[in-house]
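Structure file query.pdb; described as PDB, C-alpha atoms.
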```
ATOM      1  CA  MET A   1      -5.455 -48.052   3.269
ATOM      2  CA  ALA A   2      -6.107 -47.325  -0.412
ATOM      3  CA  ARG A   3      -2.936 -45.248  -0.561
ATOM      4  CA  GLU A   4      -0.941 -48.052   1.067
ATOM      5  CA  ILE A   5      -2.267 -50.522  -1.485
ATOM      6  CA  MET A   6      -1.338 -48.240  -4.380
ATOM      7  CA  GLN A   7       2.147 -47.830  -2.922
ATOM      8  CA  ALA A   8       2.386 -51.625  -2.635
ATOM      9  CA  VAL A   9       1.366 -52.011  -6.287
ATOM     10  CA  VAL A  10       4.010 -49.516  -7.412
ATOM     11  CA  ASP A  11       6.662 -51.193  -5.254
ATOM     12  CA  GLY A  12       5.606 -54.631  -6.506
ATOM     13  CA  ILE A  13       5.818 -53.662 -10.174
ATOM     14  CA  LEU A  14       9.262 -52.114  -9.805
ATOM     15  CA  THR A  15      10.593 -54.932  -7.612
ATOM     16  CA  GLY A  16       9.179 -57.410 -10.109
ATOM     17  CA  GLY A  17      11.472 -55.841 -12.687
ATOM     18  CA  VAL A  18      14.434 -56.682 -10.442
ATOM     19  CA  TYR A  19      13.369 -60.336 -10.254
ATOM     20  CA  ALA A  20      12.783 -60.405 -13.995
ATOM     21  CA  LEU A  21      16.411 -59.373 -14.494
ATOM     22  CA  MET A  22      17.456 -62.455 -12.539
ATOM     23  CA  ALA A  23      14.935 -64.814 -14.157
ATOM     24  CA  VAL A  24      15.350 -64.146 -17.897
ATOM     25  CA  GLY A  25      18.712 -65.912 -18.064
ATOM     26  CA  LEU A  26      17.278 -68.965 -16.324
ATOM     27  CA  THR A  27      14.343 -69.257 -18.718
ATOM     28  CA  LEU A  28      16.615 -68.699 -21.752
ATOM     29  CA  ILE A  29      18.887 -71.554 -20.689
ATOM     30  CA  PHE A  30      15.928 -73.866 -20.164
ATOM     31  CA  GLY A  31      14.263 -72.942 -23.440
ATOM     32  CA  VAL A  32      17.341 -73.712 -25.520
ATOM     33  CA  LEU A  33      19.129 -76.422 -23.544
ATOM     34  CA  ASP A  34      16.391 -78.115 -21.486
ATOM     35  CA  ILE A  35      18.552 -77.366 -18.447
ATOM     36  CA  ILE A  36      17.090 -76.251 -15.134
ATOM     37  CA  ASN A  37      20.092 -74.339 -13.878
ATOM     38  CA  VAL A  38      19.753 -74.472 -10.090
ATOM     39  CA  ALA A  39      23.060 -72.594  -9.849
ATOM     40  CA  GLN A  40      21.386 -69.465 -11.237
ATOM     41  CA  GLY A  41      20.656 -68.052  -7.775
ATOM     42  CA  VAL A  42      24.284 -68.382  -6.669
ATOM     43  CA  LEU A  43      25.427 -66.908  -9.991
ATOM     44  CA  VAL A  44      23.251 -63.874  -9.277
ATOM     45  CA  ILE A  45      25.003 -63.490  -5.918
ATOM     46  CA  LEU A  46      28.371 -63.909  -7.645
ATOM     47  CA  GLY A  47      27.411 -61.053  -9.983
ATOM     48  CA  ALA A  48      26.506 -58.936  -6.952
ATOM     49  CA  TYR A  49      29.881 -59.648  -5.330
ATOM     50  CA  LEU A  50      31.746 -58.769  -8.527
ATOM     51  CA  SER A  51      29.977 -55.394  -8.555
ATOM     52  CA  TYR A  52      30.797 -55.037  -4.847
ATOM     53  CA  SER A  53      34.505 -55.649  -5.506
ATOM     54  CA  LEU A  54      34.648 -53.096  -8.316
ATOM     55  CA  TRP A  55      32.798 -50.570  -6.177
ATOM     56  CA  THR A  56      34.895 -51.013  -3.020
ATOM     57  CA  LYS A  57      38.328 -51.726  -4.526
ATOM     58  CA  ALA A  58      38.360 -49.626  -7.687
ATOM     59  CA  HIS A  59      35.514 -47.152  -6.933
ATOM     60  CA  VAL A  60      33.746 -48.076 -10.168
ATOM     61  CA  ASP A  61      30.107 -46.984 -10.370
ATOM     62  CA  LEU A  62      27.684 -49.900 -10.126
ATOM     63  CA  PHE A  63      26.209 -49.337 -13.588
ATOM     64  CA  LEU A  64      29.533 -48.609 -15.243
ATOM     65  CA  GLY A  65      30.891 -51.758 -13.648
ATOM     66  CA  LEU A  66      28.457 -53.816 -15.728
ATOM     67  CA  ALA A  67      30.771 -53.222 -18.701
ATOM     68  CA  ILE A  68      33.224 -55.471 -16.830
ATOM     69  CA  THR A  69      30.990 -57.860 -14.894
ATOM     70  CA  VAL A  70      28.700 -58.817 -17.811
ATOM     71  CA  PRO A  71      31.567 -60.077 -20.048
ATOM     72  CA  ALA A  72      33.171 -61.739 -17.000
ATOM     73  CA  MET A  73      29.978 -63.631 -16.185
ATOM     74  CA  PHE A  74      29.592 -64.588 -19.854
ATOM     75  CA  VAL A  75      33.031 -66.209 -19.784
ATOM     76  CA  ILE A  76      32.200 -67.959 -16.506
ATOM     77  CA  GLY A  77      29.010 -69.334 -18.066
ATOM     78  CA  VAL A  78      30.831 -70.643 -21.147
ATOM     79  CA  VAL A  79      33.454 -72.283 -18.915
ATOM     80  CA  ILE A  80      30.765 -73.915 -16.749
ATOM     81  CA  HIS A  81      29.084 -75.317 -19.852
ATOM     82  CA  TRP A  82      32.364 -76.547 -21.330
ATOM     83  CA  ALA A  83      33.585 -78.133 -18.087
ATOM     84  CA  PHE A  84      30.375 -79.584 -16.641
ATOM     85  CA  ILE A  85      27.416 -79.538 -19.038
ATOM     86  CA  ARG A  86      28.477 -80.389 -22.600
ATOM     87  CA  ARG A  87      29.457 -83.983 -21.848
ATOM     88  CA  LEU A  88      26.018 -84.911 -20.526
ATOM     89  CA  ARG A  89      24.051 -86.953 -23.052
ATOM     90  CA  GLY A  90      21.128 -89.337 -23.184
ATOM     91  CA  ALA A  91      17.570 -89.480 -21.915
ATOM     92  CA  GLU A  92      18.531 -88.581 -18.348
ATOM     93  CA  ARG A  93      20.477 -85.478 -19.379
ATOM     94  CA  THR A  94      17.937 -83.019 -17.931
ATOM     95  CA  SER A  95      17.829 -84.709 -14.532
ATOM     96  CA  MET A  96      21.613 -85.055 -14.478
ATOM     97  CA  THR A  97      22.049 -81.329 -15.105
ATOM     98  CA  LEU A  98      20.107 -80.686 -11.889
ATOM     99  CA  LEU A  99      22.800 -82.532  -9.932
ATOM    100  CA  VAL A 100      25.649 -80.970 -11.899
ATOM    101  CA  THR A 101      24.404 -77.390 -11.574
ATOM    102  CA  TYR A 102      23.738 -77.972  -7.874
ATOM    103  CA  ALA A 103      27.354 -79.068  -7.512
ATOM    104  CA  VAL A 104      28.433 -75.926  -9.388
ATOM    105  CA  ALA A 105      26.359 -73.858  -6.964
ATOM    106  CA  LEU A 106      28.111 -75.468  -3.990
ATOM    107  CA  ILE A 107      31.544 -74.800  -5.517
ATOM    108  CA  ILE A 108      30.758 -71.129  -6.191
ATOM    109  CA  GLU A 109      29.234 -70.717  -2.740
ATOM    110  CA  GLY A 110      32.349 -72.174  -1.135
ATOM    111  CA  VAL A 111      34.604 -69.815  -3.093
ATOM    112  CA  LEU A 112      32.466 -66.818  -2.118
ATOM    113  CA  TYR A 113      32.605 -67.785   1.571
ATOM    114  CA  LYS A 114      36.388 -68.108   1.322
ATOM    115  CA  VAL A 115      36.856 -64.732  -0.408
ATOM    116  CA  TYR A 116      34.156 -62.567   1.168
ATOM    117  CA  GLY A 117      33.188 -64.348   4.386
ATOM    118  CA  ALA A 118      29.705 -64.975   5.769
ATOM    119  CA  ASN A 119      28.795 -61.449   6.916
ATOM    120  CA  PRO A 120      25.969 -59.808   4.931
ATOM    121  CA  THR A 121      26.921 -56.934   2.644
ATOM    122  CA  SER A 122      25.098 -54.605   0.278
ATOM    123  CA  LEU A 123      25.721 -52.229  -2.608
ATOM    124  CA  ASN A 124      25.308 -48.511  -1.963
ATOM    125  CA  ALA A 125      25.353 -45.427  -4.153
ATOM    126  CA  SER A 126      23.467 -42.139  -4.330
ATOM    127  CA  TYR A 127      20.691 -43.719  -6.398
ATOM    128  CA  THR A 128      20.209 -46.574  -3.902
ATOM    129  CA  ASP A 129      19.265 -44.099  -1.152
ATOM    130  CA  ASN A 130      17.650 -41.125  -2.918
ATOM    131  CA  SER A 131      14.011 -41.157  -3.991
ATOM    132  CA  VAL A 132      11.812 -39.273  -6.425
ATOM    133  CA  LYS A 133       8.125 -38.432  -5.982
ATOM    134  CA  ILE A 134       5.959 -39.815  -8.788
ATOM    135  CA  LEU A 135       2.169 -39.334  -8.678
ATOM    136  CA  GLY A 136       2.371 -38.798  -4.950
ATOM    137  CA  PHE A 137       4.532 -41.845  -4.228
ATOM    138  CA  TYR A 138       8.180 -41.895  -3.289
ATOM    139  CA  VAL A 139      10.217 -44.345  -5.363
ATOM    140  CA  THR A 140      13.927 -45.036  -4.929
ATOM    141  CA  TYR A 141      15.882 -44.365  -8.111
ATOM    142  CA  ILE A 142      17.503 -47.814  -8.195
ATOM    143  CA  TYR A 143      14.098 -49.504  -8.529
ATOM    144  CA  ILE A 144      13.218 -47.297 -11.486
ATOM    145  CA  TYR A 145      16.568 -47.981 -13.122
ATOM    146  CA  GLY A 146      16.196 -51.701 -12.417
ATOM    147  CA  PHE A 147      12.772 -51.851 -14.058
ATOM    148  CA  ILE A 148      14.034 -49.960 -17.112
ATOM    149  CA  LEU A 149      16.970 -52.373 -17.324
ATOM    150  CA  ALA A 150      14.597 -55.357 -17.141
ATOM    151  CA  VAL A 151      12.444 -54.108 -20.017
ATOM    152  CA  ALA A 152      15.529 -53.183 -22.061
ATOM    153  CA  LEU A 153      17.140 -56.568 -21.427
ATOM    154  CA  VAL A 154      14.023 -58.466 -22.474
ATOM    155  CA  GLY A 155      13.916 -56.331 -25.629
ATOM    156  CA  LEU A 156      17.583 -57.000 -26.393
ATOM    157  CA  LEU A 157      17.144 -60.746 -25.935
ATOM    158  CA  TYR A 158      14.109 -60.721 -28.247
ATOM    159  CA  ALA A 159      16.119 -58.814 -30.845
ATOM    160  CA  LEU A 160      18.944 -61.317 -30.479
ATOM    161  CA  LEU A 161      16.623 -64.288 -30.918
ATOM    162  CA  TYR A 162      14.452 -62.937 -33.740
ATOM    163  CA  ARG A 163      16.644 -60.460 -35.636
ATOM    164  CA  THR A 164      20.031 -62.175 -35.891
ATOM    165  CA  ARG A 165      21.506 -65.218 -37.572
ATOM    166  CA  PHE A 166      22.608 -66.533 -34.189
ATOM    167  CA  GLY A 167      19.027 -66.162 -32.976
ATOM    168  CA  ARG A 168      17.767 -68.299 -35.852
ATOM    169  CA  SER A 169      20.284 -70.967 -34.855
ATOM    170  CA  VAL A 170      19.082 -70.757 -31.249
ATOM    171  CA  ARG A 171      15.425 -71.095 -32.229
ATOM    172  CA  ALA A 172      16.196 -73.985 -34.569
ATOM    173  CA  THR A 173      17.993 -75.745 -31.713
ATOM    174  CA  MET A 174      15.032 -75.096 -29.418
ATOM    175  CA  GLN A 175      12.597 -76.647 -31.887
ATOM    176  CA  ASP A 176      14.578 -79.708 -32.994
ATOM    177  CA  GLU A 177      18.222 -80.269 -32.084
ATOM    178  CA  THR A 178      18.686 -83.166 -34.506
ATOM    179  CA  ALA A 179      17.307 -81.215 -37.465
ATOM    180  CA  ALA A 180      19.491 -78.249 -36.500
ATOM    181  CA  ARG A 181      22.574 -80.469 -36.705
ATOM    182  CA  LEU A 182      21.498 -81.774 -40.112
ATOM    183  CA  VAL A 183      21.306 -78.266 -41.597
ATOM    184  CA  GLY A 184      24.817 -77.466 -40.412
ATOM    185  CA  ILE A 185      24.236 -75.635 -37.141
ATOM    186  CA  ASP A 186      27.000 -76.115 -34.586
ATOM    187  CA  VAL A 187      24.682 -77.096 -31.743
ATOM    188  CA  ASN A 188      27.487 -77.337 -29.178
ATOM    189  CA  ARG A 189      28.623 -73.787 -29.960
ATOM    190  CA  VAL A 190      25.050 -72.493 -29.778
ATOM    191  CA  ALA A 191      24.569 -74.250 -26.434
ATOM    192  CA  ALA A 192      27.784 -72.816 -24.963
ATOM    193  CA  LEU A 193      27.019 -69.274 -26.110
ATOM    194  CA  THR A 194      23.436 -69.507 -24.862
ATOM    195  CA  PHE A 195      24.575 -70.710 -21.456
ATOM    196  CA  GLY A 196      27.094 -67.865 -21.441
ATOM    197  CA  ILE A 197      24.410 -65.291 -22.281
ATOM    198  CA  GLY A 198      22.052 -66.735 -19.663
ATOM    199  CA  THR A 199      24.832 -66.419 -17.111
ATOM    200  CA  ALA A 200      25.935 -62.961 -18.282
ATOM    201  CA  VAL A 201      22.543 -61.416 -17.517
ATOM    202  CA  THR A 202      22.935 -62.498 -13.883
ATOM    203  CA  ALA A 203      25.592 -59.775 -13.606
ATOM    204  CA  VAL A 204      22.868 -57.204 -14.223
ATOM    205  CA  GLY A 205      20.357 -58.939 -11.963
ATOM    206  CA  GLY A 206      22.961 -59.425  -9.252
ATOM    207  CA  MET A 207      23.996 -55.776  -9.244
ATOM    208  CA  VAL A 208      20.415 -54.519  -8.958
ATOM    209  CA  TYR A 209      19.542 -57.188  -6.383
ATOM    210  CA  GLY A 210      22.541 -56.243  -4.255
ATOM    211  CA  ALA A 211      21.594 -52.564  -4.485
ATOM    212  CA  THR A 212      17.919 -53.082  -3.596
ATOM    213  CA  ASN A 213      18.215 -55.828  -1.002
ATOM    214  CA  GLY A 214      18.965 -55.090   2.639
ATOM    215  CA  GLY A 215      21.932 -57.443   2.595
ATOM    216  CA  PHE A 216      23.232 -60.558   0.890
ATOM    217  CA  ASN A 217      25.812 -63.241   1.601
ATOM    218  CA  PRO A 218      27.012 -66.356  -0.274
ATOM    219  CA  ASN A 219      24.025 -68.318   1.037
ATOM    220  CA  SER A 220      21.426 -65.925  -0.389
ATOM    221  CA  GLY A 221      21.273 -67.781  -3.699
ATOM    222  CA  TYR A 222      19.149 -70.605  -2.294
ATOM    223  CA  ASP A 223      16.217 -68.375  -1.431
ATOM    224  CA  LEU A 224      16.529 -66.723  -4.827
ATOM    225  CA  ILE A 225      16.456 -69.897  -6.916
ATOM    226  CA  SER A 226      13.123 -71.035  -5.474
ATOM    227  CA  ARG A 227      11.527 -67.730  -6.420
ATOM    228  CA  LEU A 228      13.169 -67.626  -9.838
ATOM    229  CA  LEU A 229      11.985 -71.144 -10.658
ATOM    230  CA  ALA A 230       8.455 -70.210  -9.615
ATOM    231  CA  ILE A 231       8.600 -67.137 -11.860
ATOM    232  CA  ILE A 232       9.778 -68.956 -14.999
ATOM    233  CA  ILE A 233       7.243 -71.759 -14.440
ATOM    234  CA  LEU A 234       4.418 -69.244 -14.164
ATOM    235  CA  GLY A 235       5.646 -67.212 -17.130
ATOM    236  CA  GLY A 236       6.027 -70.325 -19.264
ATOM    237  CA  MET A 237       9.212 -72.367 -19.394
ATOM    238  CA  GLY A 238      11.426 -70.836 -22.052
ATOM    239  CA  SER A 239       9.400 -67.619 -22.465
ATOM    240  CA  ILE A 240      11.537 -64.508 -21.950
ATOM    241  CA  GLY A 241       8.610 -62.082 -22.010
ATOM    242  CA  GLY A 242       6.700 -64.447 -19.732
ATOM    243  CA  ALA A 243       9.452 -64.160 -17.123
ATOM    244  CA  LEU A 244       8.974 -60.384 -16.992
ATOM    245  CA  VAL A 245       5.181 -60.601 -16.778
ATOM    246  CA  ALA A 246       5.263 -63.364 -14.159
ATOM    247  CA  ALA A 247       7.855 -61.561 -12.030
ATOM    248  CA  VAL A 248       5.826 -58.354 -11.977
ATOM    249  CA  PHE A 249       2.582 -60.255 -11.298
ATOM    250  CA  MET A 250       3.854 -62.433  -8.459
ATOM    251  CA  ILE A 251       5.904 -59.767  -6.675
ATOM    252  CA  THR A 252       2.998 -57.305  -6.923
ATOM    253  CA  VAL A 253       0.597 -59.856  -5.426
ATOM    254  CA  GLU A 254       3.045 -60.525  -2.606
ATOM    255  CA  SER A 255       3.555 -56.801  -2.015
ATOM    256  CA  VAL A 256      -0.191 -56.104  -1.799
ATOM    257  CA  VAL A 257      -0.813 -59.015   0.588
ATOM    258  CA  THR A 258       1.988 -57.693   2.808
ATOM    259  CA  VAL A 259      -0.173 -54.623   3.504
ATOM    260  CA  TRP A 260      -2.808 -56.772   5.236
ATOM    261  CA  TYR A 261      -1.113 -59.989   6.295
ATOM    262  CA  PRO A 262       2.697 -59.708   6.242
ATOM    263  CA  THR A 263       3.225 -63.246   7.562
ATOM    264  CA  TRP A 264       1.176 -64.717   4.692
ATOM    265  CA  ALA A 265       2.953 -62.861   1.899
ATOM    266  CA  VAL A 266       5.386 -65.654   1.005
ATOM    267  CA  VAL A 267       2.605 -68.271   1.137
ATOM    268  CA  VAL A 268       0.475 -66.219  -1.246
ATOM    269  CA  PHE A 269       3.472 -65.897  -3.605
ATOM    270  CA  TYR A 270       3.484 -69.656  -4.188
ATOM    271  CA  ALA A 271      -0.308 -70.030  -3.865
ATOM    272  CA  ALA A 272      -0.670 -67.633  -6.821
ATOM    273  CA  LEU A 273       1.658 -69.908  -8.802
ATOM    274  CA  VAL A 274      -0.464 -72.982  -8.032
ATOM    275  CA  LEU A 275      -3.736 -71.187  -8.808
ATOM    276  CA  VAL A 276      -2.602 -69.949 -12.209
ATOM    277  CA  LEU A 277      -1.119 -73.327 -13.157
ATOM    278  CA  VAL A 278      -4.396 -75.071 -12.272
ATOM    279  CA  ILE A 279      -6.132 -72.820 -14.802
ATOM    280  CA  ARG A 280      -3.267 -72.744 -17.338
ATOM    281  CA  PRO A 281      -0.731 -75.554 -16.771
ATOM    282  CA  THR A 282       1.744 -74.142 -19.323
ATOM    283  CA  GLY A 283       1.930 -70.771 -17.577
ATOM    284  CA  PHE A 284       1.153 -67.357 -19.056
ATOM    285  CA  PHE A 285       3.077 -67.771 -22.316
ATOM    286  CA  GLY A 286       4.197 -71.399 -22.231
ATOM    287  CA  ARG A 287       3.754 -73.911 -25.024
ATOM    288  CA  LYS A 288       2.750 -77.551 -24.749
ATOM    289  CA  ALA A 289       5.960 -78.629 -26.446
ATOM    290  CA  VAL A 290       9.046 -76.517 -26.234
ATOM    291  CA  ARG A 291      11.272 -78.941 -28.114
ATOM    292  CA  ALA A 292      10.593 -81.584 -30.726
ATOM    293  CA  GLN A 293      11.340 -85.092 -29.632
TER     294      GLN A 293
END
```
Final structure tokens representation of the file:
Amino acid sequence: MAREIMQAVVDGILTGGVYALMAVGLTLIFGVLDIINVAQGVLVILGAYLSYSLWTKAHVDLFLGLAITVPAMFVIGVVIHWAFIRRLRGAERTSMTLLVTYAVALIIEGVLYKVYGANPTSLNASYTDNSVKILGFYVTYIYIYGFILAVALVGLLYALLYRTRFGRSVRATMQDETAARLVGIDVNRVAALTFGIGTAVTAVGGMVYGATNGGFNPNSGYDLISRLLAIIILGGMGSIGGALVAAVFMITVESVVTVWYPTWAVVVFYAALVLVLVIRPTGFFGRKAVRAQ
């Protein structure tokens, strides 16, 4: 039993990295724009299908294909913001974006059904099937690569936010949008680029999700978004590092519980969220006020 628990912990940590890849874009968009992007789950699935198309049609390696899918998803994100988000103003903007992004999710889902159909599919390569033995445990290569990607992506986003001029503009917009406008920051441009970046990272998350999941179809995004929202709430709304920590924590807890009570694993996933929030309502790394009013 002890060995099974240790295997569950290892699997949970590595799988948590996969979920972190999908969650960091969602928490970035919320932190800067106060937008809860409920289309993020479907965008992850769109990223998975783009990788699937490159792999099946052009025989492009899944990781090499990211050089194409990441910029493509960035453009899609900027277009979504320009077409649907930027015109929303006023006190009810946040609640309105829930409806708008849900509508975007339905549109994307419909397009995916039309192009790819409803049958489940998956991404396969040598590293999605082969395993390596580490400290007595067998771990599939794709999970190791996915975890490394998650850590690297969080590091890159931190560098972008805290080591670049654009990052200073983003943080100024997060703290006080009105003051940012007064000092000459093009808030609309910052918002569009941020939404694009938050969408672009779904290409990475989608590829790894498609390669580690048993199968996905256009409807898979709805199960994903509930988990991703739980992760960014627990990590602290707007905290990029918190998304990684929360993803690893919650998926590891779920994985360990699966060893004893498989049917209760999903319940424990959300029970852990409630328990932590009772003790710390702002999550692991959340702040009481993300944006000045």
At most 9 Å is the cut-off: for each residue in stretch 8-77 of chain A with any atom that close to an atom of stretch 250-273 of chain A, write down the nearest atom pair and the distance in Å rounded to one decimal, counting all atoms listed in the file, chain first then increasing number, as a Markdown table.
```
| residue | atom | partner | partner_atom | distance |
| --- | --- | --- | --- | --- |
| A:Ala8 | CA | A:Val256 | CA | 5.2 |
| A:Val9 | CA | A:Thr252 | CA | 5.6 |
| A:Val10 | CA | A:Thr252 | CA | 7.9 |
| A:Asp11 | CA | A:Ser255 | CA | 7.2 |
| A:Gly12 | CA | A:Thr252 | CA | 3.8 |
| A:Ile13 | CA | A:Thr252 | CA | 5.6 |
| A:Leu14 | CA | A:Thr252 | CA | 8.6 |
| A:Thr15 | CA | A:Ile251 | CA | 6.8 |
| A:Gly16 | CA | A:Ile251 | CA | 5.3 |
| A:Tyr19 | CA | A:Ile251 | CA | 8.3 |
```
Which residues of stretch 155-243 of chain A come within 7 Å of stretch 122-134 of chain A, and what is each one's closest atom pair and distance in Å (one decimal), counting all atoms listed in the file, sorted by chain and residue number, as a Markdown table?
```
| residue | atom | partner | partner_atom | distance |
| --- | --- | --- | --- | --- |
| A:Gly210 | CA | A:Leu123 | CA | 5.4 |
| A:Ala211 | CA | A:Leu123 | CA | 4.5 |
| A:Thr212 | CA | A:Thr128 | CA | 6.9 |
| A:Gly214 | CA | A:Ser122 | CA | 6.6 |
| A:Gly215 | CA | A:Ser122 | CA | 4.8 |
| A:Phe216 | CA | A:Ser122 | CA | 6.3 |
```
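The interatomic distance for the pair atom CA of A:Leu193 and atom CA of A:Leu66 works out to 18.7 Å.
Our summary of the geometry notes that atom CA of A:Ser239 is positioned 18.2 Å from atom CA of A:Phe147.
Going from atom CA of A:Ala200 to atom CA of A:Leu28 covers 11.5 Å.
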At a cut-off of 12 Å from (15.0, -64.2, -32.4) in the coordinates of the file, what residues are picked up using all atoms listed in the file, written as a ChimeraX atom specification? /A:28,32,154-174,239-240
Can you list what the PyMOL selection byres ((chain A and resi 42) around 12) grabs from this structure, as a VMD selection string? chain A and resid 22 26 37 to 41 43 to 49 101 to 113 199 202 to 203 205 to 206 216 to 226 228
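With distances restricted to only C-alpha atoms, A:Thr194 is the closest residue to A:Leu33 from A:Thr282, A:Thr140, A:Thr194, A:Thr69.
Between A:Ile144 and the residues A:Val201, A:Leu62, A:Val208, A:Ala192, the shortest atom-to-atom distance, using all atoms listed in the file, involves A:Val208.
Each of A:Ala23, A:Val78, A:Ala230, A:Met73 was compared to A:Arg189 using all atoms listed in the file, and A:Val78 turns out to be the nearest.
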Ground truth for the PyMOL selection byres ((chain A and resi 77) around 6), written as a PyMOL selection string: chain A and resi 74-76+78-80+195-196+199
Counting only C-alpha atoms, closest pick from A:Lys114, A:Arg93, A:His81, A:Arg86 relative to A:Gly198 is A:His81
Using only C-alpha atoms, the residue out of A:Val70, A:Ala118, A:Val187, A:Met207 with shortest distance to A:Trp55 is A:Met207
Next item on the list: Taking the point (19.9, -47.5, -17.7) as given in the file, collect each protein or nucleic acid residue that comes within 12 Å of it, counting all atoms listed in the file, and present the set as a VMD selection string.
Entry: chain A and resid 62 to 64 66 127 141 to 153 204 208
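Using all atoms listed in the file, the smallest distance between any of A:Phe84, A:Ala246, A:Val24, A:Val115 and A:Val100 comes from A:Phe84.
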From the coordinates supplied, stretch 23-41 of chain A should be written with N, CA and C atoms, as a short mmCIF file (atom, residue, chain, number, x, y, z; two decimals), in the first residue's frame.
```cif
data_model
loop_
_atom_site.label_atom_id
_atom_site.label_comp_id
_atom_site.auth_asym_id
_atom_site.auth_seq_id
_atom_site.Cartn_x
_atom_site.Cartn_y
_atom_site.Cartn_z
N ALA A 23 -4.01 26.13 -16.56
CA ALA A 23 -4.60 27.10 -15.65
C ALA A 23 -3.90 28.45 -15.63
N VAL A 24 -2.61 28.50 -15.98
CA VAL A 24 -1.87 29.76 -15.83
C VAL A 24 -2.42 30.86 -16.74
N GLY A 25 -2.87 30.49 -17.93
CA GLY A 25 -3.45 31.50 -18.82
C GLY A 25 -4.74 32.07 -18.27
N LEU A 26 -5.54 31.21 -17.64
CA LEU A 26 -6.81 31.64 -17.06
C LEU A 26 -6.58 32.61 -15.91
N THR A 27 -5.61 32.31 -15.05
CA THR A 27 -5.37 33.21 -13.91
C THR A 27 -4.70 34.50 -14.36
N LEU A 28 -3.89 34.46 -15.43
CA LEU A 28 -3.30 35.69 -15.96
C LEU A 28 -4.37 36.63 -16.49
N ILE A 29 -5.31 36.08 -17.25
CA ILE A 29 -6.39 36.89 -17.81
C ILE A 29 -7.24 37.51 -16.71
N PHE A 30 -7.51 36.74 -15.66
CA PHE A 30 -8.31 37.30 -14.57
C PHE A 30 -7.54 38.39 -13.83
N GLY A 31 -6.25 38.14 -13.56
CA GLY A 31 -5.48 39.09 -12.79
C GLY A 31 -5.36 40.44 -13.45
N VAL A 32 -5.27 40.46 -14.78
CA VAL A 32 -5.10 41.72 -15.50
C VAL A 32 -6.43 42.34 -15.89
N LEU A 33 -7.36 41.52 -16.35
CA LEU A 33 -8.59 42.03 -16.98
C LEU A 33 -9.84 41.87 -16.13
N ASP A 34 -9.75 41.21 -14.98
CA ASP A 34 -10.94 40.90 -14.19
C ASP A 34 -11.96 40.11 -15.02
N ILE A 35 -11.48 39.23 -15.86
CA ILE A 35 -12.34 38.42 -16.71
C ILE A 35 -12.19 36.95 -16.31
N ILE A 36 -13.31 36.32 -15.99
CA ILE A 36 -13.31 34.88 -15.76
C ILE A 36 -13.66 34.23 -17.09
N ASN A 37 -12.63 33.77 -17.77
CA ASN A 37 -12.78 33.29 -19.14
C ASN A 37 -13.27 31.84 -19.14
N VAL A 38 -14.59 31.64 -19.16
CA VAL A 38 -15.13 30.29 -19.12
C VAL A 38 -14.92 29.55 -20.44
N ALA A 39 -14.38 30.24 -21.44
CA ALA A 39 -14.04 29.58 -22.71
C ALA A 39 -12.67 28.92 -22.64
N GLN A 40 -11.95 29.08 -21.53
CA GLN A 40 -10.58 28.58 -21.46
C GLN A 40 -10.52 27.06 -21.67
N GLY A 41 -11.47 26.33 -21.13
CA GLY A 41 -11.47 24.88 -21.29
C GLY A 41 -11.60 24.47 -22.75
#
```
